[in-house]
$ cat start.tsv   # TSV, C-alpha atoms
chain	number	residue	atom	x	y	z
A	1	MET	CA	-47.20	-51.80	25.68
A	2	ARG	CA	-44.88	-49.91	23.37
A	3	ARG	CA	-42.83	-48.70	26.33
A	4	CYS	CA	-42.44	-52.30	27.59
A	5	LEU	CA	-41.28	-53.42	24.14
A	6	ILE	CA	-38.67	-50.64	24.07
A	7	ILE	CA	-37.40	-51.67	27.51
A	8	ILE	CA	-37.16	-55.34	26.44
A	9	ILE	CA	-35.24	-54.40	23.27
A	10	PHE	CA	-32.93	-52.16	25.31
A	11	MET	CA	-32.21	-54.96	27.82
A	12	LEU	CA	-31.53	-57.44	25.02
A	13	SER	CA	-29.10	-55.03	23.40
A	14	ILE	CA	-27.18	-54.73	26.68
A	15	ILE	CA	-26.99	-58.51	27.02
A	16	LEU	CA	-25.88	-59.02	23.42
A	17	SER	CA	-23.23	-56.32	23.65
A	18	SER	CA	-21.70	-57.89	26.74
A	19	GLY	CA	-18.98	-60.51	26.65
A	20	ILE	CA	-19.97	-64.14	26.29
A	21	VAL	CA	-17.13	-66.53	27.01
A	22	ILE	CA	-16.88	-69.36	24.50
A	23	ALA	CA	-13.31	-70.41	25.12
A	24	TRP	CA	-10.93	-70.13	28.04
A	25	THR	CA	-12.74	-67.87	30.50
A	26	SER	CA	-11.93	-64.16	30.65
A	27	TYR	CA	-9.90	-64.74	33.81
A	28	THR	CA	-7.92	-67.54	32.15
A	29	HIS	CA	-7.19	-65.39	29.10
A	30	GLU	CA	-5.87	-62.64	31.38
A	31	TRP	CA	-3.78	-65.17	33.29
A	32	ILE	CA	-2.26	-66.53	30.06
A	33	CYS	CA	-1.45	-63.09	28.66
A	34	ASN	CA	0.08	-61.90	31.93
A	35	LYS	CA	2.34	-64.98	32.00
A	36	ALA	CA	3.13	-64.49	28.31
A	37	GLY	CA	4.35	-60.92	28.90
A	38	LEU	CA	1.32	-59.42	27.15
A	39	SER	CA	-0.44	-57.72	30.04
A	40	GLU	CA	-0.80	-54.52	28.01
A	41	LEU	CA	-3.21	-56.23	25.60
A	42	ASP	CA	-6.93	-56.83	26.03
A	43	CYS	CA	-6.86	-60.59	25.58
A	44	LYS	CA	-10.57	-60.99	26.40
A	45	SER	CA	-12.13	-58.74	23.77
A	46	ALA	CA	-12.25	-61.36	20.99
A	47	ASP	CA	-15.08	-63.03	22.93
A	48	TYR	CA	-17.29	-59.93	23.10
A	49	ASN	CA	-20.31	-60.04	20.78
A	50	ASN	CA	-20.06	-56.35	19.91
A	51	ILE	CA	-16.43	-56.88	18.86
A	52	LYS	CA	-17.29	-60.02	16.88
A	53	SER	CA	-20.01	-58.12	15.04
A	54	GLN	CA	-17.35	-55.63	13.91
A	55	HIS	CA	-14.83	-58.36	13.01
A	56	PRO	CA	-16.55	-61.34	11.30
A	57	ASP	CA	-13.31	-63.36	11.41
A	58	LEU	CA	-13.79	-63.58	15.18
A	59	ARG	CA	-17.00	-65.62	14.92
A	60	SER	CA	-17.13	-68.61	17.23
A	61	VAL	CA	-16.07	-71.25	14.71
A	62	ASN	CA	-12.72	-69.46	14.26
A	63	HIS	CA	-11.88	-69.90	17.93
A	64	HIS	CA	-11.66	-73.65	17.45
A	65	CYS	CA	-8.70	-75.77	16.38
A	66	THR	CA	-9.94	-79.08	14.99
A	67	SER	CA	-7.62	-81.96	15.98
A	68	ASP	CA	-4.99	-79.43	17.08
A	69	PHE	CA	-3.88	-78.93	13.45
A	70	ASP	CA	-1.32	-76.20	12.74
A	71	ASN	CA	-3.54	-74.72	10.03
A	72	CYS	CA	-6.75	-74.82	12.07
A	73	ASN	CA	-9.07	-71.81	12.06
A	74	ALA	CA	-7.88	-70.37	15.37
A	75	ARG	CA	-4.20	-70.34	14.32
A	76	VAL	CA	-4.84	-69.12	10.77
A	77	TYR	CA	-6.80	-66.10	12.00
A	78	ALA	CA	-4.47	-65.50	14.93
A	79	ARG	CA	-1.58	-65.09	12.47
A	80	LYS	CA	-3.70	-62.83	10.29
A	81	TYR	CA	-4.46	-60.51	13.20
A	82	LEU	CA	-0.86	-60.61	14.40
A	83	ASP	CA	0.26	-59.39	10.94
A	84	ILE	CA	-2.15	-56.44	11.15
A	85	ASN	CA	-0.03	-55.36	14.14
A	86	THR	CA	-2.31	-52.95	15.99
A	87	GLU	CA	-2.80	-53.19	19.74
A	88	GLU	CA	-6.38	-54.34	19.24
A	89	SER	CA	-5.49	-56.94	16.60
A	90	LYS	CA	-2.62	-58.29	18.71
A	91	GLY	CA	-5.12	-58.80	21.54
A	92	PHE	CA	-7.27	-60.82	19.13
A	93	ALA	CA	-4.21	-62.82	18.01
A	94	ALA	CA	-3.15	-63.67	21.56
A	95	HIS	CA	-6.71	-64.72	22.35
A	96	LEU	CA	-6.97	-67.01	19.32
A	97	PHE	CA	-3.54	-68.55	19.89
A	98	ALA	CA	-4.62	-69.35	23.45
A	99	ASP	CA	-7.92	-70.79	22.21
A	100	SER	CA	-6.08	-73.07	19.78
A	101	VAL	CA	-4.68	-75.03	22.72
A	102	VAL	CA	-7.94	-75.41	24.65
A	103	PRO	CA	-8.39	-79.22	24.69
A	104	ALA	CA	-12.16	-78.73	24.43
A	105	HIS	CA	-11.62	-76.82	21.16
A	106	TRP	CA	-10.10	-79.81	19.38
A	107	TYR	CA	-13.38	-81.75	19.31
A	108	SER	CA	-17.08	-81.25	18.71
A	109	LEU	CA	-18.46	-81.26	22.26
A	110	ASP	CA	-21.64	-80.08	23.92
A	111	TYR	CA	-20.99	-76.61	25.29
A	112	ASP	CA	-23.05	-76.59	28.48
A	113	SER	CA	-22.43	-80.12	29.75
A	114	CYS	CA	-18.76	-80.45	28.83
A	115	HIS	CA	-16.99	-77.57	27.10
A	116	LYS	CA	-17.93	-74.83	29.55
A	117	VAL	CA	-17.65	-77.11	32.59
A	118	PHE	CA	-14.06	-77.98	31.70
A	119	GLU	CA	-13.01	-74.36	31.17
A	120	ASP	CA	-14.73	-73.19	34.36
A	121	LYS	CA	-12.89	-75.88	36.35
A	122	VAL	CA	-9.55	-74.72	34.92
A	123	GLU	CA	-10.36	-71.13	35.91
A	124	GLU	CA	-11.28	-72.24	39.43
A	125	ARG	CA	-7.99	-74.12	39.81
A	126	LEU	CA	-5.97	-71.16	38.52
A	127	LYS	CA	-7.64	-68.89	41.06
A	128	GLN	CA	-7.05	-71.30	43.94
A	129	ALA	CA	-3.45	-72.16	43.10
A	130	GLU	CA	-0.61	-70.64	45.11
A	131	ASN	CA	2.95	-70.46	43.84
A	132	VAL	CA	4.35	-72.16	46.92
A	133	LYS	CA	5.46	-75.59	48.15
A	134	TYR	CA	5.95	-76.70	51.76
A	135	SER	CA	8.03	-79.65	53.03
A	136	ILE	CA	7.50	-81.13	56.49
A	137	LEU	CA	9.41	-84.22	57.62
A	138	GLY	CA	9.55	-85.77	54.18
A	139	SER	CA	5.96	-84.86	53.21
A	140	THR	CA	5.43	-82.27	50.47
A	141	PHE	CA	2.43	-79.98	50.14
A	142	ASP	CA	2.55	-78.35	46.70
A	143	PHE	CA	-0.13	-75.67	46.39
A	144	SER	CA	1.01	-74.80	42.85
A	145	SER	CA	0.15	-78.28	41.56
A	146	TRP	CA	-3.35	-79.09	40.31
A	147	ASN	CA	-5.11	-81.19	37.70
A	148	VAL	CA	-8.45	-81.15	35.90
A	149	THR	CA	-9.65	-84.22	34.03
A	150	MET	CA	-13.01	-84.88	32.40
A	151	GLN	CA	-14.57	-87.45	30.14
A	152	CYS	CA	-17.25	-86.45	27.62
A	153	ASP	CA	-18.93	-87.85	24.54
A	154	ASP	CA	-18.55	-85.88	21.34
A	155	LYS	CA	-21.39	-85.43	18.86
A	156	LYS	CA	-20.46	-88.72	17.18
A	157	ASN	CA	-20.65	-90.54	20.54
A	158	ASN	CA	-16.88	-90.96	20.79
A	159	THR	CA	-15.51	-90.77	24.33
A	160	ILE	CA	-13.16	-87.81	24.68
A	161	HIS	CA	-10.74	-87.35	27.56
A	162	LEU	CA	-9.99	-83.73	28.50
A	163	SER	CA	-7.11	-82.83	30.78
A	164	ALA	CA	-5.18	-79.78	31.94
A	165	ASP	CA	-2.84	-79.12	34.85
A	166	ASN	CA	-0.53	-76.39	36.11
A	167	GLN	CA	2.34	-77.53	33.88
A	168	TYR	CA	0.10	-77.58	30.81
A	169	MET	CA	-1.15	-74.06	31.46
A	170	ASN	CA	2.43	-72.83	31.80
A	171	GLN	CA	3.13	-74.42	28.41
A	172	VAL	CA	0.06	-72.64	27.00
A	173	ALA	CA	1.45	-69.29	28.18
A	174	LYS	CA	4.89	-70.15	26.71
A	175	TYR	CA	3.28	-71.08	23.39
A	176	VAL	CA	1.35	-67.80	23.23
A	177	ALA	CA	4.51	-65.86	24.10
A	178	GLU	CA	6.47	-67.61	21.33
A	179	GLU	CA	3.78	-67.04	18.70
A	180	MET	CA	3.37	-63.40	19.75
A	181	HIS	CA	7.17	-62.85	19.86
A	182	SER	CA	6.93	-61.88	23.51
A	183	ASN	CA	8.89	-62.82	26.64
A	184	TYR	CA	7.37	-65.50	28.82
A	185	ILE	CA	7.54	-64.55	32.50
A	186	GLU	CA	9.05	-67.45	34.41
A	187	GLN	CA	7.76	-67.74	37.96
A	188	ASN	CA	9.53	-70.25	40.14
A	189	VAL	CA	7.66	-72.05	42.87
A	190	GLU	CA	8.76	-70.84	46.30
A	191	GLU	CA	9.80	-73.77	48.50
A	192	TYR	CA	9.81	-73.76	52.29
A	193	ASP	CA	11.09	-76.59	54.49
A	194	PHE	CA	9.54	-76.50	57.97
A	195	SER	CA	11.09	-79.80	59.08
A	196	SER	CA	13.62	-78.14	61.40
A	197	VAL	CA	10.92	-75.99	62.97
A	198	VAL	CA	8.74	-79.03	63.62
A	199	ILE	CA	11.68	-80.94	65.09
A	200	ILE	CA	12.53	-78.06	67.43
A	201	VAL	CA	8.88	-77.82	68.57
A	202	LEU	CA	8.73	-81.58	69.18
A	203	VAL	CA	11.98	-81.50	71.16
A	204	LEU	CA	10.70	-78.61	73.31
A	205	LEU	CA	7.39	-80.39	73.93
A	206	THR	CA	9.27	-83.56	74.88
A	207	LEU	CA	11.45	-81.60	77.32
A	208	VAL	CA	8.37	-79.96	78.86
A	209	LEU	CA	6.71	-83.36	79.21
A	210	ILE	CA	9.83	-84.86	80.83
A	211	LEU	CA	10.07	-81.90	83.21
A	212	PHE	CA	6.38	-82.24	84.07
A	213	LEU	CA	6.71	-85.96	84.80
A	214	TYR	CA	9.90	-85.42	86.81
A	215	THR	CA	8.27	-82.66	88.91
A	216	GLY	CA	5.18	-84.79	89.54
A	217	PHE	CA	7.29	-87.81	90.54
A	218	LYS	CA	9.41	-85.69	92.87
A	219	ASN	CA	6.37	-84.13	94.57
A	220	ARG	CA	4.96	-87.59	95.29
A	221	LYS	CA	8.04	-88.38	97.33

$ encode --input "start.tsv" --output "structure tokens"
Amino acid sequence: MRRCLIIIIFMLSIILSSGIVIAWTSYTHEWICNKAGLSELDCKSADYNNIKSQHPDLRSVNHHCTSDFDNCNARVYARKYLDINTEESKGFAAHLFADSVVPAHWYSLDYDSCHKVFEDKVEERLKQAENVKYSILGSTFDFSSWNVTMQCDDKKNNTIHLSADNQYMNQVAKYVAEEMHSNYIEQNVEEYDFSSVVIIVLVLLTLVLILFLYTGFKNRK
């Protein structure tokens, strides 16, 4: 019995020491910091419970930014950690600055049914997006463009509209870069126009069809 209790306590300690995402997902935080020119920082660590236990200012409430105010908790503590100016503290600062512009962090929303769902959808879109655009005979297929929209009720039963798209996330990375005094990495969408290729293929197919019809007509004679 005692051995089982020790095993249970050990397993719980592993779970509690692991990272629990309560804001942008770990992938999204990495994506933001890479775009913000901060790839050398650990921009995920501010979500880890073992780190939060060592730094009480990183508790969950300080990742939020009520009504997107300039002096909200996330921004106040982000600036505090930026002033400390160690590599670890700058990672915390970048994380909190990014959290301050999570639309779900501006309101009091249910975590499981809304907050987490929204952030997971943004991560999924970021992973699927490609930095490329194709044009074919006037039609455009932009694989860099995406949008996530949700509608949730806050804890006062107000309907809240959440939205993020590729342009917004680029602005998030720019904002973090500006606050962290870093250089945002601009990445232009690569554009390819396959119209001429399609036209050439259609012309060749038409010629083959004409030749086929001509040969068949001639053989009948």

$ atom_distance --input "start.tsv" --atom1 "atom CA of A:Leu41" --atom2 "atom CA of A:Glu88"
7.4 Å

$ atom_distance --input "start.tsv" --atom1 "atom CA of A:His95" --atom2 "atom CA of A:Ser145"
24.5 Å

$ residues_around --input "start.tsv" --residues "A:Gly91" --least-positions-apart "6" --cutoff "9 Å" --atoms "all atoms listed in the file" --output "JSON list (two decimals) with C-alpha atoms, in the coordinates of the input"
[["chain", "number", "residue", "atom", "x", "y", "z"],
["A", 38, "LEU", "CA", 1.32, -59.42, 27.15],
["A", 40, "GLU", "CA", -0.80, -54.52, 28.01],
["A", 41, "LEU", "CA", -3.21, -56.23, 25.60],
["A", 42, "ASP", "CA", -6.93, -56.83, 26.03],
["A", 43, "CYS", "CA", -6.86, -60.59, 25.58],
["A", 44, "LYS", "CA", -10.57, -60.99, 26.40],
["A", 45, "SER", "CA", -12.13, -58.74, 23.77],
["A", 46, "ALA", "CA", -12.25, -61.36, 20.99],
["A", 81, "TYR", "CA", -4.46, -60.51, 13.20],
["A", 82, "LEU", "CA", -0.86, -60.61, 14.40]]

$ residues_around --input "start.tsv" --residues "stretch 111-122 of chain A" --least-positions-apart "3" --cutoff "9 Å" --atoms "only C-alpha atoms" --output "MDAnalysis selection string"
chainID A and resid 21:25 28 102 104:105 108 125:127 147:153 162:165

$ write_last_selection --input "start.tsv" --atoms "C-alpha atoms" --output "CSV table (one decimal), in the coordinates of the input"
chain,number,residue,atom,x,y,z
A,21,VAL,CA,-17.1,-66.5,27.0
A,22,ILE,CA,-16.9,-69.4,24.5
A,23,ALA,CA,-13.3,-70.4,25.1
A,24,TRP,CA,-10.9,-70.1,28.0
A,25,THR,CA,-12.7,-67.9,30.5
A,28,THR,CA,-7.9,-67.5,32.2
A,102,VAL,CA,-7.9,-75.4,24.6
A,104,ALA,CA,-12.2,-78.7,24.4
A,105,HIS,CA,-11.6,-76.8,21.2
A,108,SER,CA,-17.1,-81.2,18.7
A,125,ARG,CA,-8.0,-74.1,39.8
A,126,LEU,CA,-6.0,-71.2,38.5
A,127,LYS,CA,-7.6,-68.9,41.1
A,147,ASN,CA,-5.1,-81.2,37.7
A,148,VAL,CA,-8.4,-81.2,35.9
A,149,THR,CA,-9.6,-84.2,34.0
A,150,MET,CA,-13.0,-84.9,32.4
A,151,GLN,CA,-14.6,-87.4,30.1
A,152,CYS,CA,-17.2,-86.4,27.6
A,153,ASP,CA,-18.9,-87.8,24.5
A,162,LEU,CA,-10.0,-83.7,28.5
A,163,SER,CA,-7.1,-82.8,30.8
A,164,ALA,CA,-5.2,-79.8,31.9
A,165,ASP,CA,-2.8,-79.1,34.8

$ atom_distance --input "start.tsv" --atom1 "atom CA of A:Lys155" --atom2 "atom CA of A:Asp110"
7.4 Å

$ closest_residue --input "start.tsv" --among "A:Ser89, A:Ala173, A:Asp68, A:Ala129" --to "A:His29" --atoms "all atoms listed in the file"
A:Ala173

$ closest_residue --input "start.tsv" --among "A:Asn157, A:Gln187, A:Thr206, A:Gln171" --to "A:Val132" --atoms "only C-alpha atoms"
A:Gln187

$ closest_residue --input "start.tsv" --among "A:Gly138, A:Tyr107, A:Gln128, A:Ser39" --to "A:Val198" --atoms "all atoms listed in the file"
A:Gly138
